[in-house]
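Below is one structure; the comments refer to it alone.
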Amino acid sequence: MSTSTEQPTSGHAELAATTLLRFATAGSVDDGKSTLVGRLLHDSKSVLADQLEAVEHASRSRGQEAPDLALLTDGLRAEREQGITIDVAYRYFATPRRRFILADTPGHVQYTRNMVTGASTAELAVVLVDARNGVVEQTRRHAAVAALLRVPHVVLAVNKMDLVEYREAVFAAIAEEFTTYASELGVPEITAIPISALAGDNVVEPSANMDWYGGPTVLEHLETVPVSHDLTACHARFPVQYVIRPQTAEHPDYRGYAGQIAAGAFRVGEEITVLPSGKRSTISAIDALGESVDIAWAPQSVTIRLADDIDISRGDLLAPVSDAPATSQDVEATVCHVADRPLAVGQRVLLKHTTRTVKAIVKEIPSRLTLDDLSQHPEPGQLVTNDIGRVKVRTAEPLALDAYADSRRTGSFLLIDPADGTTLAAGMAGESFAAGKAGQDVAAPAAADEEGWDF
């Protein structure tokens with residue numbers, strides 16, 4: 001979910017410059033992601049003169065005549081030496097029509113987990129494919145991650161068209177294969193664009209070498225793709241981050257609950273319920289930036305005051321009585337496993353959902369996704385690095401999770417190793433393209449063990 005504080009905007013041209021698009025790039029190794037990003041920055045005149053001079057100097061020292069635009073994004077020394085992207089590189093740039101936050105994610109299979117980070121808040125994903133190689137396993141993996149994370153717009157950038165003589169048939173075959181695959185995953189919108197990031201074809205300027213293509217350039221599509229920042233229509237959710245009780249002479253009875261509104265809007269006078277306790281009260285005041293307001297919306301950070309004194313602490317969730325999520329100790333979800341160590345049935349973990357962290361046990365791993373044909377490998381017993389699979393988890397305390405399809409913010413969670421705090425998996429609650437058979441029985445509560453994980 002975007003963290004922009006902007007309100008929904010109309011489609012008028014004079015307002016377009018106020019919109020913000022978060023997007024991520026992904027693709028296999030050497031597909032040209034960093035070069036594409038560098039070309040976008042360079043041709044949109046978003047590169048400072050000293051940055052470009054440094055890139056030109058580094059390129060000449062390598063014996064290259066033209067500047068290597070990939071150096072604009074591969075900032076780590078190890079990245080420059082190996083010629084691959086290792087970490088997620090965030091770049092900020094703007095055109096007269098829109099502002100952008102770009103997450104350049106690694107293509108090496110070892111760093112697929114980094115794409116989960118980069119795409120988790122993205123509204124669009126650019127998946128690059130080398131025109132010579134076509135759709136490979138890593139392409140399918142990135143499409144699966146984009147689908148799981150409910151990224152609403154996906155761009156297939158078929159790169160290095162100059163190396164296949166700009167042939168339309170090559171582009172058409174790749175576009176058809178990818179579109180068929182991504183559609184089966186449930187990706188709602190797919191736009192295929194033939195490009196050459198190195199030569200600049202169809203990145204910012206239309207290509208004179210592909211007159212058979214009549215669609216937008218990459219930048220034109222990024223500038224015009226519909227983006228909605230109207231989070232007020234979502235289910236209203238407020239995870240409590242901090243309880244404020246100054247107990248000063250000026251504010252002897254002040255009790256406020258501070259945090260960032262995850263979704264929706266809250267109004268003074270609205271009846272709310274506190275989860276997981278289920279207790280009810282009414283919003284008596286909302287404080288934002290030191291002033292009282294009548295309404296606040298996502299993703300503003302505010303302090304909410306209630307008419308009743310209720311036992312509320314960090315991790316509790318405020319929601320409208322009329323639209324409160326159900327609470328449960330049984331979580332079924334799709335996860336992307338991101339740790340080097342496996343995730344196994346029976347493993348004890350911590351589950352972090354918004355500001356709440358609870359003990360949990362992995363009760364079952366019903367299936368692991370096979371990316372080649374989207375089939376389910378049943379009962380794998382464990383998930384290893386970069387695996388995507390279904391899990392059933394039993395938590396020590398009730399959680400108020402939404403379905404990830406309804407809310408990317410309150411439908412997501414992390415599984416954490418309680419021993420050292422390592423993040424094991426990123427989870428998306430509810431159904432997905434990887435959903436198992438309907439009507440499966442929920443795992444029974446775990447029996448008590450010698451260390452007190454008795455839930």
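The chains in the structure tokens are called A, B, ... from first to last as shown; in each chain the residues are counted from 1, and the ligands are counted from 1 in the order shown.
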Inset, instruction - Taking the DSSP assignment computed from this structure's backbone, write out as an MDAnalysis selection string all residues of stretch 147-317 of chain A that belong to alpha helix (DSSP H). - result: chainID A and resid 147:148 168:185 218:224
Sorted by chain and rising residue number, list the residues of stretch 298-406 of chain A at most 6 Å from stretch 244-257 of chain A (counting only C-alpha atoms), each with its closest atom pair and distance in Å to one decimal, as a Markdown table.
| residue | atom | partner | partner_atom | distance |
| --- | --- | --- | --- | --- |
| A:Thr303 | CA | A:Tyr257 | CA | 5.2 |
| A:Ile304 | CA | A:Tyr257 | CA | 5.2 |
| A:Arg305 | CA | A:Gly256 | CA | 4.8 |
Taking N, CA and C atoms for each residue, export the selection above as a PDB file, in the first residue's frame.
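Result went into out_2.pdb, see below:
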ATOM      1  N   THR A 303      -3.320  10.464  16.561  1.00  0.00           N
ATOM      2  CA  THR A 303      -3.643   9.945  17.886  1.00  0.00           C
ATOM      3  C   THR A 303      -5.161   9.966  18.035  1.00  0.00           C
ATOM      4  N   ILE A 304      -5.728   8.810  18.348  1.00  0.00           N
ATOM      5  CA  ILE A 304      -7.173   8.686  18.506  1.00  0.00           C
ATOM      6  C   ILE A 304      -7.507   8.605  19.989  1.00  0.00           C
ATOM      7  N   ARG A 305      -8.490   9.403  20.411  1.00  0.00           N
ATOM      8  CA  ARG A 305      -8.972   9.346  21.790  1.00  0.00           C
ATOM      9  C   ARG A 305     -10.388   8.776  21.812  1.00  0.00           C
TER      10      ARG A 305
END
Legend entry - Pick from A:Val37, A:Ala119, A:Ala144, A:Ala403 nearest to A:Leu371, counting only C-alpha atoms: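 Among A:Val37, A:Ala119, A:Ala144, A:Ala403, it is A:Ala144 that comes nearest to A:Leu371.
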Inset, instruction - Skip stretch 353-364 of chain A itself and residues of its chain fewer than 5 positions away, then list as an MDAnalysis selection string all residues within 10 Å of it, counting only C-alpha atoms. - result: chainID A and resid 238:242 259 262 313:317 329:332 343:348 379:382 390:401 409:416 418 427 442:446 453:455
Those same residues - C-alpha atoms - I'd like them written as a compact mmCIF listing (two decimals), in the first residue's frame.
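Saved to selection32.txt:
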# COMPACT_ATOMS: atom_id res chain seq x y z
CA PHE A 238 -5.94 1.48 12.89
CA PRO A 239 -3.16 -0.62 14.49
CA VAL A 240 -2.20 0.91 17.84
CA GLN A 241 1.51 1.62 17.98
CA TYR A 242 1.85 3.58 21.21
CA GLY A 259 -0.24 5.04 15.18
CA ALA A 262 -3.45 1.40 7.74
CA SER A 313 -2.03 -1.57 24.27
CA ARG A 314 0.37 -1.79 21.35
CA GLY A 315 -0.77 -4.38 18.86
CA ASP A 316 -4.50 -3.86 19.35
CA LEU A 317 -6.53 -2.89 16.29
CA GLN A 329 -6.01 -18.17 15.99
CA ASP A 330 -5.89 -20.20 12.77
CA VAL A 331 -4.18 -18.53 9.84
CA GLU A 332 -4.11 -20.03 6.36
CA LEU A 343 10.44 -23.55 7.31
CA ALA A 344 9.14 -26.91 8.56
CA VAL A 345 5.93 -28.39 9.92
CA GLY A 346 5.89 -28.17 13.71
CA GLN A 347 8.28 -25.22 13.80
CA ARG A 348 7.73 -22.54 16.42
CA GLU A 379 2.66 -31.94 1.62
CA PRO A 380 6.29 -30.95 0.96
CA GLY A 381 7.02 -30.98 4.71
CA GLN A 382 9.11 -27.83 4.48
CA ARG A 390 0.56 -22.62 1.43
CA VAL A 391 0.87 -22.82 5.21
CA LYS A 392 -1.50 -23.26 8.15
CA VAL A 393 -0.37 -21.56 11.34
CA ARG A 394 -1.86 -21.67 14.84
CA THR A 395 -1.25 -18.53 16.93
CA ALA A 396 -1.14 -18.18 20.71
CA GLU A 397 -3.54 -15.20 20.62
CA PRO A 398 -6.34 -14.20 18.26
CA LEU A 399 -5.42 -11.99 15.31
CA ALA A 400 -7.60 -9.65 13.26
CA LEU A 401 -6.36 -10.36 9.74
CA ARG A 409 -1.54 -3.78 4.54
CA THR A 410 -3.66 -5.68 7.08
CA GLY A 411 -3.72 -8.94 5.13
CA SER A 412 0.05 -9.39 5.22
CA PHE A 413 2.35 -10.68 7.94
CA LEU A 414 5.87 -11.94 8.63
CA LEU A 415 7.00 -15.23 10.14
CA ILE A 416 10.07 -14.66 12.33
CA PRO A 418 12.09 -16.45 17.76
CA GLY A 427 2.73 -14.15 4.21
CA VAL A 442 -8.45 -26.29 10.09
CA ALA A 443 -5.59 -27.76 12.06
CA ALA A 444 -6.37 -28.65 15.63
CA PRO A 445 -4.74 -26.67 18.45
CA ALA A 446 -1.26 -27.80 19.33
CA TRP A 453 3.85 -23.06 23.59
CA ASP A 454 0.43 -24.45 24.58
CA PHE A 455 -1.94 -23.22 21.94
Legend entry - Distance of atom CA of A:Ala288 from atom CA of A:Ala122, expressed in Å to one decimal place: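 A separation of 26.7 Å between them.
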